[in-house]
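Colleague: Take this structure, written in structure tokens, and hold onto it; I'll ask about it next.
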Amino acid sequence: MVSVVPATMAMGASFAGSAVLAEDITGSETLATLAAGSMSIGSMAAAVPLSRRMARLGRRRGLVAGWLLGAVGAVTALFGAVLSLYPLVVLGIIGVGVGQATNLAARYAVADLASDDRRASAIGLLVWSSTFGAASGPAIALGPVADLAGFVGLPELSGPYVLGAAMYLTALLITHTWLRPDPLEVLGTIGSEAPRPASPLTVIRRIAAVPAARLALLSMLVGQLVMVGVMTATPLHMTSGDQDLAVIGQVISLHIIGMYAFSPIVGWLVDRLGTHAVVTLGGLILFIGAELAGHTDPEHSAGLFSGLTLIGVGWSCGLIAGSALLTNAFPVHQRVEVQGGADFVMITGGAVGGMSSGALVELLGYQSLSHYSGIAALILVAAAAGAWLTARLSRPRQLA
């Protein structure tokens, strides 16, 4: 939990400055969006190799390597800012995305040694700890750190990457020093007898073959798709209504608070009510949030405040319940690779949602984008309710 605070601060700080820096260098909004979106490329590329490294060498060495690459990415983007080289900025943001994939993988590390009836609560606490870094990183990076960079003669927009590199290094030092013994060493899944890594296709087939794992993956995928798609398009929608940038920032801040701040409660609910109930609840919250946002005119903000906050809470439900359900669905020696494969699919879904949202808004409008996102959430609700009903109906036959 302590290491995730600086790691999420590094990610938030680096992402906050990416689009602004790229536009400042190129003068192109399109290239600026592509630079910001390259973080997802780094996360997608890192998810499976990161899980393989953890399966072979342990959580500690996997997290350290991921955050080291994140720091290297931040330094590369720093040089891009100083030299005004757009390709270096893009390459650096891809490296920062590797750090983001590592942040996501940390939720599984905290769940390794938790008991089955406390696993979701452990994940929820870790996600909650991300609140501090994710919320403070952009404000610090674009405020005092940017001012400090200007004071010492660097471009102000290099400040986020100075902070990003420092915070990723802080996270890896904390983990390298204190994550001992390694959780996977305690579980006995690493060492000379560690199994040979499975191919990504084999990992996906394993997930597809287990009903609980399919629902877990759907829960994480739909939550990420709806959250990223609507969140990315909302500033464009508000800008078309001539809303103040400060108000747009407040909407996104409340959205982030919704994503992280209620995570301990979500984890507690999963452990008390069960994964199916919380996945269903998360889908309903996502649907209500998307519809509230979609039915808000660009000149108004109340519906966007409430809608984006609810989408954040729905995402939290899907991520925590889905992560716990996926972990419980497989034996210990298969979990790490399966977790990496599921994260790859989830991150890919978010990247598709984010990078296509602008085009969908231009083609169909913000209301239609939000409405179709709500329909995707209802599909998740139907799948979770069906899985719960199937499990209930199968119990009498098992007893008989």
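By order in the structure tokens, chains are A, B, ...; within a chain, residues start at 1; ligands start at 1, following the order shown.
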Write out as a PDB file with C-alpha atoms, in the first residue's frame each polymer residue whose atoms come within 10 Å of Ala324 of chain A, counting only C-alpha atoms; drop sequence neighbours fewer than 5 positions from it.

Modeller:
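Dumped to selection-v9.pdb:
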ATOM      1  CA  ARG A 107      -3.424  -5.368  -6.395  1.00  0.00           C
ATOM      2  CA  TYR A 108      -2.763  -9.057  -6.931  1.00  0.00           C
ATOM      3  CA  ALA A 111      -4.154 -10.488  -2.334  1.00  0.00           C
ATOM      4  CA  ASP A 116     -10.408 -16.279   0.612  1.00  0.00           C
ATOM      5  CA  ASP A 117     -12.962 -14.445   2.737  1.00  0.00           C
ATOM      6  CA  ARG A 118     -10.714 -11.355   3.066  1.00  0.00           C
ATOM      7  CA  ARG A 119      -9.193 -11.185  -0.418  1.00  0.00           C
ATOM      8  CA  ALA A 120     -11.563  -8.561  -1.827  1.00  0.00           C
ATOM      9  CA  SER A 121     -11.085  -6.369   1.250  1.00  0.00           C
ATOM     10  CA  ALA A 122      -7.310  -6.527   0.796  1.00  0.00           C
ATOM     11  CA  ILE A 123      -7.630  -5.526  -2.870  1.00  0.00           C
ATOM     12  CA  GLY A 124     -10.044  -2.745  -1.913  1.00  0.00           C
ATOM     13  CA  ALA A 213     -13.206 -16.432 -14.735  1.00  0.00           C
ATOM     14  CA  ALA A 216     -14.520 -11.810 -13.765  1.00  0.00           C
ATOM     15  CA  GLY A 267     -14.103  -4.854  -0.887  1.00  0.00           C
ATOM     16  CA  VAL A 270     -17.675  -8.371  -1.893  1.00  0.00           C
ATOM     17  CA  ASP A 271     -16.553 -10.384   1.125  1.00  0.00           C
ATOM     18  CA  GLY A 274     -20.391 -12.230  -2.707  1.00  0.00           C
ATOM     19  CA  THR A 275     -18.786 -11.382  -6.042  1.00  0.00           C
ATOM     20  CA  GLY A 318     -16.150  -4.315 -11.246  1.00  0.00           C
ATOM     21  CA  LEU A 319     -12.401  -4.174 -10.718  1.00  0.00           C
ATOM     22  CA  ALA A 329     -11.084 -19.325  -9.803  1.00  0.00           C
TER      23      ALA A 329
END

Colleague: Contacts of Gly97 of chain A at 8 Å or less, counting only C-alpha atoms, minus same-chain residues fewer than 5 places along, as a short mmCIF file (atom, residue, chain, number, x, y, z; two decimals) with C-alpha atoms, in the first residue's frame?

Modeller:
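As a result, result-v5.cif now contains:
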data_model
loop_
_atom_site.label_atom_id
_atom_site.label_comp_id
_atom_site.auth_asym_id
_atom_site.auth_seq_id
_atom_site.Cartn_x
_atom_site.Cartn_y
_atom_site.Cartn_z
CA MET A 11 1.50 7.87 -13.27
CA SER A 38 0.45 5.90 -25.88
CA MET A 39 0.34 5.21 -22.13
CA SER A 40 -2.21 2.48 -22.86
CA ILE A 41 0.15 0.99 -25.45
CA GLY A 42 2.84 0.66 -22.80
CA SER A 43 0.41 -0.89 -20.33
CA GLY A 70 8.33 3.54 -15.64
#

Colleague: Any idea what's packed within 9 Å of segment 235-250 of chain A, counting only C-alpha atoms, ignoring anything in its chain fewer than 5 positions away? Could you give it as a list in words?

Modeller: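 Those residues are His255, Asp297, Pro298, Glu299, His300, Ser301, Leu304, Phe305, Gly358, Val361, Gly365 and Tyr366 of chain A.
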
Colleague: Can I get the selection written as a short mmCIF file (atom, residue, chain, number, x, y, z; two decimals), in the first residue's frame, with C-alpha atoms?

Modeller:
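What landed in result.cif:
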data_model
loop_
_atom_site.label_atom_id
_atom_site.label_comp_id
_atom_site.auth_asym_id
_atom_site.auth_seq_id
_atom_site.Cartn_x
_atom_site.Cartn_y
_atom_site.Cartn_z
CA HIS A 255 -14.59 10.85 -11.05
CA ASP A 297 -26.51 19.20 -21.91
CA PRO A 298 -22.97 20.48 -22.52
CA GLU A 299 -23.86 23.82 -20.87
CA HIS A 300 -24.77 22.12 -17.58
CA SER A 301 -22.60 20.20 -15.14
CA LEU A 304 -21.88 15.21 -15.28
CA PHE A 305 -20.65 15.56 -11.70
CA GLY A 358 -13.57 11.14 -29.82
CA VAL A 361 -18.71 11.63 -30.30
CA GLY A 365 -22.78 12.47 -30.29
CA TYR A 366 -21.91 12.30 -26.61
#

Colleague: How many Å lie between atom CA of Glu156 of chain A and atom CA of Thr234 of chain A, rounded to one decimal?

Modeller: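 Between atom CA of Glu156 of chain A and atom CA of Thr234 of chain A the gap is 26.6 Å.
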
Colleague: Of the residues A:Val336, A:Met167, A:Leu157, A:Leu125, which is the one nearest to Gly62 of chain A, using only C-alpha atoms?

Modeller: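 Closest candidate: A:Val336.
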
Colleague: Between A:Leu187, A:Trp67, A:Pro144, A:Gly92, which residue has the minimum interatomic distance to Ala114 of chain A, considering only C-alpha atoms?

Modeller: A:Leu187

Colleague: Name all residues at most 10 Å from Ala387 of chain A (count only C-alpha atoms; drop same-chain ones fewer than 3 positions away) and give them as an mmCIF file with N, CA and C atoms, in the first residue's frame.

Modeller:
data_model
loop_
_atom_site.group_PDB
_atom_site.id
_atom_site.type_symbol
_atom_site.label_atom_id
_atom_site.label_comp_id
_atom_site.auth_asym_id
_atom_site.auth_seq_id
_atom_site.Cartn_x
_atom_site.Cartn_y
_atom_site.Cartn_z
ATOM 1 N N PRO A 211 -16.279 -20.650 -16.051
ATOM 2 C CA PRO A 211 -17.369 -19.651 -16.029
ATOM 3 C C PRO A 211 -17.107 -18.480 -15.087
ATOM 4 N N ALA A 212 -16.600 -18.753 -13.898
ATOM 5 C CA ALA A 212 -16.333 -17.668 -12.946
ATOM 6 C C ALA A 212 -15.268 -16.721 -13.492
ATOM 7 N N LEU A 215 -16.766 -14.416 -16.196
ATOM 8 C CA LEU A 215 -17.515 -13.309 -15.599
ATOM 9 C C LEU A 215 -16.558 -12.277 -14.997
ATOM 10 N N HIS A 276 -20.838 -12.076 -7.189
ATOM 11 C CA HIS A 276 -21.909 -11.899 -8.172
ATOM 12 C C HIS A 276 -22.780 -10.692 -7.835
ATOM 13 N N VAL A 381 -24.691 -6.740 -16.182
ATOM 14 C CA VAL A 381 -25.686 -7.045 -15.159
ATOM 15 C C VAL A 381 -26.381 -8.366 -15.487
ATOM 16 N N ALA A 382 -26.775 -8.543 -16.744
ATOM 17 C CA ALA A 382 -27.458 -9.778 -17.153
ATOM 18 C C ALA A 382 -26.553 -10.990 -16.984
ATOM 19 N N ALA A 383 -25.267 -10.840 -17.351
ATOM 20 C CA ALA A 383 -24.335 -11.959 -17.221
ATOM 21 C C ALA A 383 -24.123 -12.340 -15.758
ATOM 22 N N ALA A 384 -23.979 -11.331 -14.888
ATOM 23 C CA ALA A 384 -23.768 -11.611 -13.466
ATOM 24 C C ALA A 384 -24.996 -12.233 -12.835
ATOM 25 N N THR A 390 -27.576 -19.485 -12.054
ATOM 26 C CA THR A 390 -27.077 -20.820 -12.395
ATOM 27 C C THR A 390 -26.430 -21.483 -11.193
ATOM 28 N N ALA A 391 -25.644 -20.701 -10.438
ATOM 29 C CA ALA A 391 -24.992 -21.249 -9.247
ATOM 30 C C ALA A 391 -26.023 -21.674 -8.208
ATOM 31 N N ARG A 392 -27.076 -20.877 -8.044
ATOM 32 C CA ARG A 392 -28.126 -21.205 -7.070
ATOM 33 C C ARG A 392 -28.870 -22.475 -7.474
ATOM 34 N N LEU A 393 -29.179 -22.594 -8.746
ATOM 35 C CA LEU A 393 -29.933 -23.757 -9.210
ATOM 36 C C LEU A 393 -29.116 -25.035 -9.182
#

Colleague: Mind checking which residues fall within 9 Å of Leu34 of chain A, counting only C-alpha atoms, ignoring those fewer than 2 positions away in the same chain, and posting them as JSON, numbers by chain?

Modeller: {"A": [19, 22, 29, 30, 31, 32, 36, 37, 38, 90, 355]}

Colleague: Report, in Å to a single decimal, how far apart atom CA of Leu218 of chain A and atom CA of Ala13 of chain A are.

Modeller: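 Computed distance, atom CA of Ala13 of chain A to atom CA of Leu218 of chain A, equals 29.5 Å.
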
Colleague: Given the choices A:Ala55, A:Leu221, A:Met44, A:Ala139, which gets closest to Ile94 of chain A if the distance is worked out from only C-alpha atoms?

Modeller: A:Met44

Colleague: Identify, on the basis of only C-alpha atoms, every residue whose closest approach to Thr348 of chain A does not exceed 10 Å; exclude the query and any residue fewer than 2 positions from it along the same chain; express the result as a ChimeraX atom specification.

Modeller: /A:40-41,43-45,221,224-225,342-346,350-354

Colleague: Rank nothing, just name the residue among A:Val162, A:Ile174, A:Leu326, A:Val48 nearest to Arg206 of chain A, using only C-alpha atoms.

Modeller: A:Leu326

Colleague: Any idea what's packed within 7 Å of Ala101 of chain A, counting only C-alpha atoms, ignoring anything in its chain fewer than 2 positions away? Could you give it as an mmCIF file with N, CA and C atoms, in the first residue's frame?

Modeller:
data_model
loop_
_atom_site.group_PDB
_atom_site.id
_atom_site.type_symbol
_atom_site.label_atom_id
_atom_site.label_comp_id
_atom_site.auth_asym_id
_atom_site.auth_seq_id
_atom_site.Cartn_x
_atom_site.Cartn_y
_atom_site.Cartn_z
ATOM 1 N N SER A 43 1.070 0.001 -21.297
ATOM 2 C CA SER A 43 0.407 -0.886 -20.333
ATOM 3 C C SER A 43 0.043 -2.212 -20.976
ATOM 4 N N ALA A 46 3.087 -4.424 -21.564
ATOM 5 C CA ALA A 46 3.778 -4.894 -20.362
ATOM 6 C C ALA A 46 3.003 -5.939 -19.575
ATOM 7 N N ALA A 47 1.679 -6.018 -19.752
ATOM 8 C CA ALA A 47 0.852 -6.835 -18.850
ATOM 9 C C ALA A 47 1.290 -8.297 -18.814
ATOM 10 N N GLY A 97 3.589 4.005 -19.203
ATOM 11 C CA GLY A 97 2.502 3.026 -19.237
ATOM 12 C C GLY A 97 2.900 1.684 -18.660
ATOM 13 N N VAL A 98 4.168 1.305 -18.805
ATOM 14 C CA VAL A 98 4.651 0.074 -18.157
ATOM 15 C C VAL A 98 4.513 0.206 -16.641
ATOM 16 N N GLY A 99 4.832 1.390 -16.126
ATOM 17 C CA GLY A 99 4.638 1.631 -14.699
ATOM 18 C C GLY A 99 3.181 1.535 -14.297
ATOM 19 N N ASN A 103 1.350 -0.805 -11.523
ATOM 20 C CA ASN A 103 0.414 -0.362 -10.484
ATOM 21 C C ASN A 103 -0.785 -1.291 -10.392
ATOM 22 N N LEU A 104 -1.321 -1.689 -11.549
ATOM 23 C CA LEU A 104 -2.465 -2.600 -11.561
ATOM 24 C C LEU A 104 -2.085 -3.976 -11.014
ATOM 25 N N ALA A 105 -0.897 -4.450 -11.368
ATOM 26 C CA ALA A 105 -0.463 -5.773 -10.907
ATOM 27 C C ALA A 105 -0.274 -5.818 -9.398
#
